[in-house]
file model.txt (compact mmCIF, C-alpha atoms)
# COMPACT_ATOMS: atom_id res chain seq x y z
CA MET A 906 55.11 163.91 -120.53
CA ALA A 907 51.96 163.76 -118.40
CA GLY A 908 50.32 166.30 -120.67
CA LEU A 909 51.08 164.17 -123.72
CA VAL A 910 49.43 161.16 -122.07
CA GLU A 911 46.32 163.24 -121.45
CA LEU A 912 46.25 164.27 -125.13
CA VAL A 913 45.84 160.68 -126.32
CA THR A 914 43.55 159.32 -123.60
CA ALA A 915 39.88 159.90 -122.94
CA GLY A 916 38.27 159.99 -119.53
CA PRO A 917 39.99 159.24 -116.23
CA LEU A 918 43.10 157.08 -116.34
CA PRO A 919 42.79 153.71 -114.58
CA VAL A 920 46.41 153.73 -113.35
CA ARG A 921 49.08 156.19 -112.26
CA ILE A 922 51.56 157.19 -114.99
CA THR A 923 54.85 158.85 -114.11
CA ALA A 924 57.66 160.01 -116.38
CA PHE A 925 61.38 160.72 -116.43
CA ASP A 926 60.74 164.49 -116.42
CA GLY A 927 59.06 164.32 -113.01
CA SER A 928 55.51 164.74 -114.29
CA ALA A 929 52.66 162.41 -113.37
CA THR A 930 49.00 161.85 -114.13
CA GLY A 931 46.28 159.44 -113.09
CA PRO A 932 45.00 158.49 -109.63
CA GLU A 933 47.61 158.90 -106.90
CA ASP A 934 46.20 155.96 -104.96
CA SER A 935 46.36 153.50 -107.86
CA PRO A 936 48.00 150.23 -106.70
CA VAL A 937 49.60 149.76 -110.13
CA GLY A 938 51.05 152.10 -112.71
CA LEU A 939 53.50 152.75 -115.51
CA HIS A 940 56.74 154.69 -115.49
CA VAL A 941 58.09 156.19 -118.71
CA ALA A 942 61.78 155.82 -117.96
CA ASP A 943 63.19 157.80 -120.90
CA ARG A 944 62.44 159.18 -124.35
CA ARG A 945 63.18 155.85 -126.04
CA ALA A 946 59.84 154.60 -124.73
CA LEU A 947 58.11 157.40 -126.61
CA THR A 948 60.14 156.66 -129.76
CA TYR A 949 58.92 153.07 -129.71
CA LEU A 950 55.33 154.11 -129.03
CA LEU A 951 55.31 156.69 -131.81
CA GLY A 952 57.07 154.40 -134.29
CA ALA A 953 54.58 151.56 -133.81
CA PRO A 954 51.40 152.80 -132.11
CA GLY A 955 49.52 149.98 -130.43
CA ASP A 956 50.62 146.71 -128.89
CA LEU A 957 53.89 146.44 -130.83
CA GLY A 958 55.23 149.80 -129.66
CA LEU A 959 54.18 149.11 -126.09
CA ALA A 960 55.85 145.71 -126.21
CA ARG A 961 59.10 147.13 -127.59
CA ALA A 962 59.25 149.77 -124.86
CA TYR A 963 58.43 147.23 -122.14
CA VAL A 964 60.81 144.50 -123.32
CA ALA A 965 63.66 147.00 -123.66
CA GLY A 966 63.01 148.35 -120.15
CA HIS A 967 62.06 151.89 -121.18
CA LEU A 968 58.44 151.45 -120.06
CA GLN A 969 58.39 150.02 -116.55
CA PRO A 970 55.47 148.55 -114.58
CA VAL A 971 54.89 149.91 -111.09
CA GLY A 972 53.30 148.01 -108.23
CA VAL A 973 53.68 144.55 -109.80
CA THR A 974 56.28 141.90 -109.09
CA HIS A 975 58.96 140.79 -111.50
CA GLY A 976 57.72 139.11 -114.64
CA ASN A 977 53.99 139.27 -113.92
CA PRO A 978 52.29 142.43 -115.21
CA TYR A 979 48.84 140.81 -115.07
CA PRO A 980 47.31 143.24 -112.49
CA LEU A 981 48.50 146.20 -114.55
CA LEU A 982 47.25 144.80 -117.87
CA ARG A 983 43.89 143.91 -116.33
CA ALA A 984 43.47 147.48 -115.02
CA LEU A 985 44.43 148.96 -118.40
CA ALA A 986 42.06 146.63 -120.27
CA GLU A 987 39.16 147.60 -118.05
CA GLY A 988 39.68 151.35 -117.93
CA LEU A 989 42.07 152.79 -120.53
CA ARG A 990 40.41 154.68 -123.38
CA LEU A 991 42.54 156.07 -126.21
CA ARG A 992 41.65 158.88 -128.61
CA ARG A 993 43.18 160.80 -131.49
CA PRO A 994 44.55 164.15 -130.35
CA ALA A 995 43.02 167.28 -131.85
CA LEU A 996 44.93 168.76 -134.78
CA ALA A 997 45.39 172.01 -132.88
CA ASP A 998 47.29 170.16 -130.16
CA LEU A 999 49.80 168.46 -132.47
CA PRO A 1000 52.34 171.32 -132.83
CA ASP A 1001 52.69 171.64 -129.05
CA ALA A 1002 53.01 167.86 -128.74
CA VAL A 1003 55.79 167.73 -131.33
CA ARG A 1004 57.68 170.53 -129.58
CA ALA A 1005 57.34 168.75 -126.23
CA LEU A 1006 58.59 165.49 -127.68
CA GLY A 1007 61.51 166.93 -129.57
CA LEU A 1008 62.42 165.94 -133.11
CA GLY A 1009 65.02 163.46 -131.85
CA THR A 1010 62.24 161.41 -130.27
CA LEU A 1011 60.70 160.88 -133.70
CA ARG A 1012 63.88 159.34 -135.12
CA PRO A 1013 63.40 155.52 -135.39
CA ILE A 1014 65.55 153.18 -133.31
CA ALA A 1015 66.16 149.46 -133.67
CA PRO A 1016 63.69 147.15 -131.92
CA PRO A 1017 64.83 144.88 -129.07
CA PRO A 1018 66.86 141.86 -130.24
CA GLU A 1019 64.07 139.50 -129.11
CA GLU A 1020 61.87 140.72 -131.99
CA ALA A 1021 61.43 138.59 -135.12
CA PRO A 1022 61.55 140.22 -138.57
CA ALA A 1023 58.33 141.51 -140.09
CA ARG A 1024 56.21 139.03 -142.05
CA TRP A 1025 57.40 140.31 -145.42
CA ARG A 1026 61.04 139.86 -144.42
CA ARG A 1027 60.62 136.21 -143.43
CA VAL A 1028 60.61 135.14 -147.06
CA ALA A 1029 64.27 134.22 -146.56
CA GLU A 1030 63.02 131.39 -144.33
CA GLY A 1031 60.76 130.06 -147.08
CA LEU A 1032 57.16 130.51 -148.18
CA ARG A 1033 54.59 130.92 -145.43
CA HIS A 1034 53.87 127.54 -143.78
CA SER A 1035 56.39 125.69 -145.90
CA HIS A 1036 58.25 122.91 -144.09
CA ARG A 1037 61.33 125.09 -143.69
CA ARG A 1038 59.54 128.22 -142.47
CA ASP A 1039 57.27 126.32 -140.08
CA ALA A 1040 60.34 124.65 -138.58
CA ALA A 1041 61.99 128.05 -138.13
CA ALA A 1042 58.87 129.53 -136.48
CA ILE A 1043 58.47 126.60 -134.10
CA SER A 1044 62.15 126.62 -133.23
CA ARG A 1045 62.08 130.33 -132.44
CA HIS A 1046 59.36 129.87 -129.85
CA TYR A 1047 60.07 126.45 -128.37
CA ASP A 1048 63.84 126.08 -128.64
CA VAL A 1049 64.39 128.76 -126.02
CA SER A 1050 65.62 126.58 -123.18
CA ASN A 1051 64.14 123.43 -121.71
CA THR A 1052 65.31 124.61 -118.30
CA PHE A 1053 63.42 127.88 -118.73
CA TYR A 1054 60.25 126.00 -119.64
CA GLU A 1055 60.70 123.73 -116.61
CA TYR A 1056 60.64 126.83 -114.41
CA VAL A 1057 57.55 128.28 -116.10
CA LEU A 1058 55.47 125.20 -116.88
CA GLY A 1059 56.21 123.22 -113.77
CA PRO A 1060 56.49 119.42 -113.46
CA SER A 1061 53.93 118.66 -116.19
CA MET A 1062 56.02 120.36 -118.91
CA THR A 1063 52.78 120.98 -120.78
CA TYR A 1064 52.38 124.22 -122.73
CA THR A 1065 48.67 124.05 -123.47
CA CYS A 1066 45.43 124.75 -121.64
CA ALA A 1067 44.85 122.71 -118.48
CA VAL A 1068 41.41 121.62 -117.24
CA TYR A 1069 40.09 122.61 -113.82
CA THR A 1070 37.06 121.33 -111.93
CA GLU A 1071 36.79 124.58 -109.94
CA PRO A 1072 38.76 127.80 -109.51
CA PRO A 1073 41.83 126.82 -107.49
CA ALA A 1074 42.78 128.51 -104.23
CA GLU A 1075 46.45 128.27 -105.21
CA VAL A 1076 46.81 128.56 -108.98
CA PRO A 1077 50.43 127.30 -109.33
CA ALA A 1078 49.91 124.39 -106.94
CA ALA A 1079 46.85 123.19 -108.88
CA LEU A 1080 48.52 123.45 -112.28
CA THR A 1081 50.12 120.00 -112.43
CA ALA A 1082 46.89 118.21 -111.48
CA ALA A 1083 44.93 120.32 -113.95
CA GLN A 1084 47.30 119.38 -116.78
CA GLU A 1085 46.93 115.71 -115.88
CA ALA A 1086 43.16 116.22 -115.96
CA LYS A 1087 43.47 117.70 -119.47
CA HIS A 1088 45.40 114.69 -120.73
CA ALA A 1089 42.86 112.37 -119.11
CA LEU A 1090 40.03 114.28 -120.79
CA VAL A 1091 41.67 113.99 -124.22
CA PHE A 1092 42.40 110.29 -123.63
CA ASP A 1093 38.80 109.60 -122.58
CA LYS A 1094 37.24 111.58 -125.43
CA LEU A 1095 39.32 109.56 -127.88
CA GLY A 1096 38.07 106.38 -126.25
CA LEU A 1097 41.55 104.87 -126.20
CA GLN A 1098 42.08 101.31 -124.96
CA PRO A 1099 45.23 99.30 -124.15
CA GLY A 1100 46.86 97.98 -127.30
CA GLN A 1101 45.55 100.78 -129.53
CA ARG A 1102 47.71 103.33 -131.37
CA LEU A 1103 47.75 107.10 -130.88
CA LEU A 1104 49.39 109.76 -133.05
CA ASP A 1105 50.00 113.03 -131.17
CA VAL A 1106 50.91 115.82 -133.61
CA GLY A 1107 52.70 118.85 -132.22
CA CYS A 1108 53.46 116.76 -129.14
CA GLY A 1109 55.56 119.29 -127.24
CA TRP A 1110 57.61 117.65 -124.50
CA GLY A 1111 55.65 114.42 -124.86
CA ALA A 1112 53.26 114.64 -121.89
CA MET A 1113 50.25 113.29 -123.83
CA VAL A 1114 52.38 110.53 -125.34
CA ARG A 1115 53.57 109.41 -121.93
CA HIS A 1116 50.06 109.68 -120.45
CA ALA A 1117 48.75 107.33 -123.13
CA ALA A 1118 51.69 104.93 -122.86
CA ARG A 1119 51.21 104.56 -119.11
CA ARG A 1120 47.73 103.23 -119.95
CA GLY A 1121 48.93 100.63 -122.41
CA VAL A 1122 48.50 102.64 -125.63
CA ARG A 1123 51.25 102.68 -128.26
CA ALA A 1124 51.83 106.42 -128.74
CA LEU A 1125 53.86 108.29 -131.36
CA GLY A 1126 54.47 112.01 -130.93
CA VAL A 1127 55.97 114.41 -133.48
CA THR A 1128 57.34 117.92 -132.98
CA LEU A 1129 59.32 120.47 -135.00
CA SER A 1130 61.31 121.49 -131.93
CA ARG A 1131 64.59 119.64 -131.53
CA GLU A 1132 64.87 120.61 -127.88
CA GLN A 1133 61.36 119.35 -127.16
CA ALA A 1134 62.09 116.04 -128.88
CA GLU A 1135 65.32 115.55 -126.94
CA TRP A 1136 63.65 116.31 -123.60
CA ALA A 1137 60.67 114.05 -124.41
CA ARG A 1138 62.90 111.11 -125.38
CA ALA A 1139 64.82 111.42 -122.12
CA ALA A 1140 61.54 111.54 -120.17
CA ILE A 1141 60.30 108.40 -121.95
CA VAL A 1142 63.47 106.55 -120.92
CA ARG A 1143 63.27 107.93 -117.39
CA ASP A 1144 59.69 106.64 -117.06
CA GLY A 1145 60.53 103.26 -118.60
CA LEU A 1146 58.06 103.69 -121.47
CA GLN A 1147 60.35 102.91 -124.41
CA ASP A 1148 58.27 99.90 -125.50
CA LEU A 1149 55.12 101.98 -125.96
CA ALA A 1150 56.14 105.63 -126.45
CA GLU A 1151 58.14 107.39 -129.16
CA VAL A 1152 58.77 111.05 -129.98
CA ARG A 1153 60.25 112.13 -133.31
CA TYR A 1154 61.67 115.41 -134.55
CA CYS A 1155 59.35 115.43 -137.53
CA ASP A 1156 56.72 117.46 -139.39
CA TYR A 1157 53.24 115.97 -139.05
CA ARG A 1158 53.05 115.97 -142.85
CA ASP A 1159 55.97 113.56 -143.02
CA VAL A 1160 54.62 110.81 -140.75
CA PRO A 1161 54.64 107.71 -143.00
CA GLU A 1162 52.47 105.42 -140.84
CA GLY A 1163 48.70 105.18 -141.00
CA GLY A 1164 45.92 103.19 -139.44
CA PHE A 1165 46.09 104.93 -136.05
CA ASP A 1166 43.13 104.46 -133.74
CA ALA A 1167 43.18 108.13 -132.78
CA VAL A 1168 44.97 111.44 -133.34
CA SER A 1169 45.40 114.16 -130.74
CA SER A 1170 46.34 117.64 -131.90
CA ILE A 1171 46.85 119.78 -128.81
CA GLY A 1172 47.96 123.28 -129.75
CA LEU A 1173 49.23 122.63 -133.27
CA SER A 1174 46.51 124.02 -135.54
CA GLU A 1175 47.37 127.61 -134.48
CA HIS A 1176 50.64 127.12 -136.38
CA VAL A 1177 49.52 125.46 -139.62
CA GLY A 1178 47.73 128.46 -141.20
CA VAL A 1179 43.99 128.80 -141.76
CA ALA A 1180 44.39 128.43 -145.54
CA ASN A 1181 46.06 125.08 -144.85
CA TYR A 1182 43.21 123.70 -142.74
CA PRO A 1183 41.89 121.57 -145.64
CA SER A 1184 45.24 119.82 -146.17
CA TYR A 1185 45.90 119.64 -142.42
CA PHE A 1186 42.64 117.91 -141.53
CA THR A 1187 42.89 115.73 -144.65
CA ALA A 1188 46.37 114.58 -143.62
CA LEU A 1189 45.10 113.63 -140.17
CA HIS A 1190 42.06 111.90 -141.71
CA GLU A 1191 44.35 109.78 -143.88
CA ARG A 1192 46.34 108.57 -140.89
CA VAL A 1193 43.37 107.29 -138.90
CA ARG A 1194 41.55 104.02 -139.51
CA PRO A 1195 37.81 104.10 -140.30
CA GLY A 1196 36.09 104.48 -136.96
CA GLY A 1197 39.10 106.29 -135.47
CA ARG A 1198 38.84 109.64 -133.74
CA LEU A 1199 40.46 113.08 -133.70
CA LEU A 1200 40.63 115.52 -130.80
CA ASN A 1201 41.66 118.99 -131.96
CA HIS A 1202 42.53 121.35 -129.09
CA SER A 1203 43.14 124.89 -130.34
CA ILE A 1204 43.08 128.59 -129.48
CA THR A 1205 40.29 130.25 -131.47
CA ARG A 1206 38.67 133.62 -131.98
CA PRO A 1207 35.11 134.40 -130.82
CA THR A 1208 34.02 135.06 -134.42
CA ASN A 1209 34.69 133.43 -137.77
CA ASP A 1210 35.01 136.54 -139.96
CA SER A 1211 37.86 138.39 -138.22
CA ASP A 1212 41.42 138.78 -139.48
CA VAL A 1213 43.20 135.45 -138.98
CA ARG A 1214 46.60 137.03 -138.40
CA THR A 1215 47.74 137.38 -134.81
CA GLU A 1216 48.40 140.82 -133.35
CA PRO A 1217 51.81 142.38 -134.13
CA PHE A 1218 53.27 141.70 -130.66
CA ILE A 1219 52.34 138.01 -130.78
CA ASP A 1220 53.60 137.68 -134.36
CA ARG A 1221 56.96 139.38 -133.75
CA TYR A 1222 57.78 138.13 -130.27
CA VAL A 1223 55.87 134.93 -129.58
CA PHE A 1224 54.36 132.92 -132.46
CA PRO A 1225 55.71 134.02 -135.85
CA ASP A 1226 53.23 133.18 -138.63
CA GLY A 1227 50.57 132.07 -136.13
CA GLU A 1228 46.95 132.38 -137.23
CA LEU A 1229 43.63 132.15 -135.38
CA THR A 1230 40.03 131.89 -136.49
CA GLY A 1231 36.69 130.92 -135.00
CA SER A 1232 35.75 127.38 -134.07
CA GLY A 1233 33.02 127.41 -136.72
CA ARG A 1234 35.51 127.89 -139.53
CA MET A 1235 37.65 125.12 -138.10
CA ILE A 1236 34.70 122.73 -137.84
CA VAL A 1237 33.71 123.43 -141.45
CA ALA A 1238 37.23 122.51 -142.57
CA MET A 1239 37.10 119.32 -140.52
CA GLN A 1240 33.77 118.31 -142.01
CA ASP A 1241 34.92 119.09 -145.54
CA ALA A 1242 37.93 116.81 -144.96
CA GLY A 1243 35.60 113.91 -144.13
CA TRP A 1244 35.45 114.14 -140.35
CA ASP A 1245 32.15 113.56 -138.56
CA VAL A 1246 32.20 116.22 -135.82
CA ARG A 1247 30.64 114.97 -132.60
CA HIS A 1248 31.37 117.53 -129.89
CA SER A 1249 32.86 120.96 -129.26
CA GLU A 1250 33.47 122.83 -126.02
CA ASN A 1251 35.01 126.16 -125.11
CA LEU A 1252 37.59 126.06 -122.30
CA ARG A 1253 38.63 129.72 -122.34
CA GLU A 1254 38.24 130.24 -118.56
CA HIS A 1255 40.46 127.21 -118.03
CA TYR A 1256 43.17 128.77 -120.17
CA ALA A 1257 43.03 132.01 -118.19
CA LEU A 1258 43.67 129.98 -115.03
CA THR A 1259 46.46 128.04 -116.75
CA LEU A 1260 48.19 131.24 -117.79
CA GLN A 1261 47.91 132.67 -114.30
CA GLY A 1262 49.70 129.55 -113.06
CA TRP A 1263 52.50 130.04 -115.58
CA CYS A 1264 52.77 133.73 -114.68
CA ALA A 1265 53.07 132.82 -111.01
CA ASN A 1266 55.80 130.28 -111.80
CA LEU A 1267 57.73 132.87 -113.80
CA GLU A 1268 57.37 135.34 -110.95
CA THR A 1269 58.61 132.78 -108.41
CA HIS A 1270 61.61 131.78 -110.54
CA TRP A 1271 62.27 135.21 -112.05
CA ASP A 1272 65.97 135.46 -111.22
CA ALA A 1273 66.65 131.93 -112.45
CA CYS A 1274 64.68 132.56 -115.65
CA VAL A 1275 66.58 135.77 -116.35
CA ALA A 1276 69.86 133.96 -115.77
CA GLU A 1277 68.77 131.25 -118.21
CA VAL A 1278 67.39 133.30 -121.15
CA GLY A 1279 68.10 136.97 -120.41
CA VAL A 1280 65.87 139.69 -119.03
CA GLY A 1281 64.43 140.67 -122.42
CA LYS A 1282 63.22 137.16 -123.22
CA ALA A 1283 61.84 136.74 -119.71
CA ARG A 1284 59.91 140.01 -120.07
CA VAL A 1285 58.50 138.81 -123.40
CA TRP A 1286 57.08 135.67 -121.81
CA GLY A 1287 55.70 137.50 -118.78
CA LEU A 1288 53.99 140.10 -120.95
CA TYR A 1289 52.64 137.54 -123.40
CA MET A 1290 51.23 135.19 -120.76
CA ALA A 1291 49.67 137.98 -118.69
CA ALA A 1292 48.13 139.64 -121.76
CA CYS A 1293 46.70 136.32 -122.95
CA ALA A 1294 45.20 135.65 -119.51
CA VAL A 1295 43.35 138.96 -119.74
CA SER A 1296 42.23 138.21 -123.31
CA PHE A 1297 40.78 134.83 -122.35
CA GLU A 1298 38.97 136.36 -119.38
CA ARG A 1299 37.46 139.10 -121.55
CA ASP A 1300 36.39 136.66 -124.32
CA GLN A 1301 38.73 138.17 -126.88
CA ILE A 1302 40.17 134.71 -127.57
CA GLN A 1303 38.87 131.24 -126.76
CA LEU A 1304 40.04 127.63 -126.52
CA HIS A 1305 38.04 124.92 -128.25
CA GLN A 1306 38.31 121.17 -128.07
CA VAL A 1307 36.58 119.59 -131.07
CA LEU A 1308 36.02 115.84 -131.16
CA ALA A 1309 35.47 114.09 -134.49
CA VAL A 1310 35.41 110.58 -135.91
CA ARG A 1311 36.27 109.14 -139.31
CA PRO A 1312 33.09 107.22 -140.20
CA ARG A 1313 33.16 103.95 -142.07
CA ASP A 1314 31.81 103.70 -145.60
CA ASP A 1315 28.44 102.59 -144.22
CA GLY A 1316 28.30 105.59 -141.88
CA SER A 1317 28.98 103.70 -138.65
CA ALA A 1318 31.22 105.56 -136.25
CA ASP A 1319 31.68 103.41 -133.14
CA VAL A 1320 30.70 106.13 -130.67
CA PRO A 1321 28.26 105.80 -127.76
CA LEU A 1322 24.91 107.52 -128.04
CA ARG A 1323 25.75 110.03 -125.31
CA PRO A 1324 29.01 111.63 -124.09
CA TRP A 1325 31.11 108.99 -122.32
CA TRP A 1326 33.77 111.13 -120.67
CA THR A 1327 33.85 113.16 -117.48
CA GLY A 1328 35.57 116.45 -116.75
call {"tool": "encode", "arguments": {"input": "model.txt", "output": "structure tokens"}}
result
Amino acid sequence: MAGLVELVTAGPLPVRITAFDGSATGPEDSPVGLHVADRRALTYLLGAPGDLGLARAYVAGHLQPVGVTHGNPYPLLRALAEGLRLRRPALADLPDAVRALGLGTLRPIAPPPEEAPARWRRVAEGLRHSHRRDAAAISRHYDVSNTFYEYVLGPSMTYTCAVYTEPPAEVPAALTAAQEAKHALVFDKLGLQPGQRLLDVGCGWGAMVRHAARRGVRALGVTLSREQAEWARAAIVRDGLQDLAEVRYCDYRDVPEGGFDAVSSIGLSEHVGVANYPSYFTALHERVRPGGRLLNHSITRPTNDSDVRTEPFIDRYVFPDGELTGSGRMIVAMQDAGWDVRHSENLREHYALTLQGWCANLETHWDACVAEVGVGKARVWGLYMAACAVSFERDQIQLHQVLAVRPRDDGSADVPLRPWWTG
């Protein structure tokens, strides 16, 4: 098995790789490594070369991390990202490789049960980004278990990028304050005042809604996750905010009210589809009064001309039908829908820190998380969060907050001449 690894890699390996046949390759003193536990790992890797095959083998337990704690493969993924170089094996080497693998290894096997069907098979759930299919995609990711998310997200129950003033000494301990700082930043950018009305689309467990309500703003949140809506409603009652806060199980397209003073969209536009940006930003524009503002907080790509589809692992295991593009393409769609864009900032380093906090929480509560959702699902989340942390650090994905205003007919926009927020 070690010889096969050497056939498909170029240069020195950054980690130690061991295999079920007793062979090994890579530096003996590497603090992290990979163990190929059996031939099923190779079957997955050969059947879907790239991140999907690796994910299948890891989630199913056939490809095991070495030197990392339960649920947090971040150190391993960081080492692989910095030093692993793949190559196509020479044609002359292929016959020996096939003999070493054995023909049985090439026979396909079913993917782990945590995997969603391929894109083309999801037609049974409706057309891409239809109401029905969007609801199914959101439910698959968010209706996992509120208890599981409480373990991973911590007290803030906020599943979007936090905002830090400096790199924290203790990432998990700083997470709750950093999420509160994010909500404060959104609130301040929107210029909200007591008595005004906020619409929060894709509201999650209602943290932004409750943040606004505590400051005297009438806030309505909508989500396509039933479990999120139920948890958020209970939290509103617990906090005594029923007179100002409401969360509905509802598609943002079905909100009947208008005339809001502001809209916050924190982590929703990744789910609506790039082709639907015009209708998405138009719908939000129609629900805000002239002079009202929009804060769109979204994962983006570093460029505007790349494939919008997410990578196979993310699409099959994490965010079915999710799409990402550059902030420029998003801003163009906002402007074409009538928004006057006032500010944009990239918070990608903040998201890397946020993800490290979630990874640490999963690691701390690993046994409880496995008991709640199963080891396969827990591995999916650990792999996804660690891989995303590395991607944000390496500028492979970004996080943009874009602030816009709906100008009045005479062009007035009710915004100060210079930025008015801190953080």
call {"tool": "residues_near_point", "arguments": {"input": "model.txt", "point": "(62.2, 139.0, -134.9)", "cutoff": "10 Å", "atoms": "all atoms listed in the file", "output": "CSV table (one decimal) with C-alpha atoms, in the frame of the given file"}}
result
chain,number,residue,atom,x,y,z
A,1016,PRO,CA,63.7,147.2,-131.9
A,1017,PRO,CA,64.8,144.9,-129.1
A,1018,PRO,CA,66.9,141.9,-130.2
A,1019,GLU,CA,64.1,139.5,-129.1
A,1020,GLU,CA,61.9,140.7,-132.0
A,1021,ALA,CA,61.4,138.6,-135.1
A,1022,PRO,CA,61.6,140.2,-138.6
A,1023,ALA,CA,58.3,141.5,-140.1
A,1024,ARG,CA,56.2,139.0,-142.0
A,1026,ARG,CA,61.0,139.9,-144.4
A,1027,ARG,CA,60.6,136.2,-143.4
A,1045,ARG,CA,62.1,130.3,-132.4
A,1220,ASP,CA,53.6,137.7,-134.4
A,1221,ARG,CA,57.0,139.4,-133.8
A,1222,TYR,CA,57.8,138.1,-130.3
A,1223,VAL,CA,55.9,134.9,-129.6
A,1225,PRO,CA,55.7,134.0,-135.8
call {"tool": "residues_around", "arguments": {"input": "model.txt", "residues": "A:Asp1144", "least_positions_apart": "5", "cutoff": "9 Å", "atoms": "only C-alpha atoms", "output": "ChimeraX atom specification"}}
result
/A:1115,1119,1139
call {"tool": "atom_distance", "arguments": {"input": "model.txt", "atom1": "atom CA of A:Arg1198", "atom2": "atom CA of A:Asp1166"}}
result
6.7 Å
call {"tool": "atom_distance", "arguments": {"input": "model.txt", "atom1": "atom CA of A:Val1295", "atom2": "atom CA of A:Pro1073"}}
result
17.3 Å
call {"tool": "closest_residue", "arguments": {"input": "model.txt", "among": "A:Tyr1289, A:His1248, A:Phe1165, A:Arg1158", "to": "A:Lys1094", "atoms": "all atoms listed in the file"}}
result
A:His1248
call {"tool": "closest_residue", "arguments": {"input": "model.txt", "among": "A:Asp1315, A:Leu1229, A:Asn1251, A:Arg1206", "to": "A:Gln1301", "atoms": "all atoms listed in the file"}}
result
A:Arg1206
call {"tool": "closest_residue", "arguments": {"input": "model.txt", "among": "A:Val1307, A:Val964, A:Ser935, A:Glu911", "to": "A:Leu991", "atoms": "all atoms listed in the file"}}
result
A:Glu911
call {"tool": "atom_distance", "arguments": {"input": "model.txt", "atom1": "atom CA of A:Ala1273", "atom2": "atom CA of A:Gly972"}}
result
21.3 Å
call {"tool": "closest_residue", "arguments": {"input": "model.txt", "among": "A:His1305, A:Arg921, A:Lys1282, A:Arg1214", "to": "A:Ile1236", "atoms": "all atoms listed in the file"}}
result
A:His1305
call {"tool": "residues_near_point", "arguments": {"input": "model.txt", "point": "(41.6, 112.5, -141.0)", "cutoff": "10 Å", "atoms": "only C-alpha atoms", "output": "VMD selection string"}}
result
chain A and resid 1167 to 1168 1184 to 1195 1197 to 1199 1239 to 1240 1242 to 1245 1309 to 1311
call {"tool": "residues_around", "arguments": {"input": "model.txt", "residues": "A:Ile1141", "least_positions_apart": "4", "cutoff": "8 Å", "atoms": "only C-alpha atoms", "output": "JSON, numbers by chain"}}
result
{"A": [1115, 1137, 1145, 1146, 1147, 1150, 1151]}
call {"tool": "residues_around", "arguments": {"input": "model.txt", "residues": "A:Pro1077", "least_positions_apart": "5", "cutoff": "8 Å", "atoms": "all atoms listed in the file", "output": "number ranges by chain"}}
result
A: 1261-1263, 1265-1266
call {"tool": "residues_around", "arguments": {"input": "model.txt", "residues": "A:Ala984", "least_positions_apart": "5", "cutoff": "8 Å", "atoms": "all atoms listed in the file", "output": "CSV table (one decimal) with C-alpha atoms, in the frame of the given file"}}
result
chain,number,residue,atom,x,y,z
A,919,PRO,CA,42.8,153.7,-114.6
A,920,VAL,CA,46.4,153.7,-113.4
A,989,LEU,CA,42.1,152.8,-120.5
call {"tool": "closest_residue", "arguments": {"input": "model.txt", "among": "A:Gly1096, A:Pro1183, A:Pro1207, A:Gly955", "to": "A:Ala1238", "atoms": "all atoms listed in the file"}}
result
A:Pro1183
call {"tool": "closest_residue", "arguments": {"input": "model.txt", "among": "A:Val1160, A:Leu1058, A:Ala907, A:Ala924", "to": "A:Thr1269", "atoms": "only C-alpha atoms"}}
result
A:Leu1058
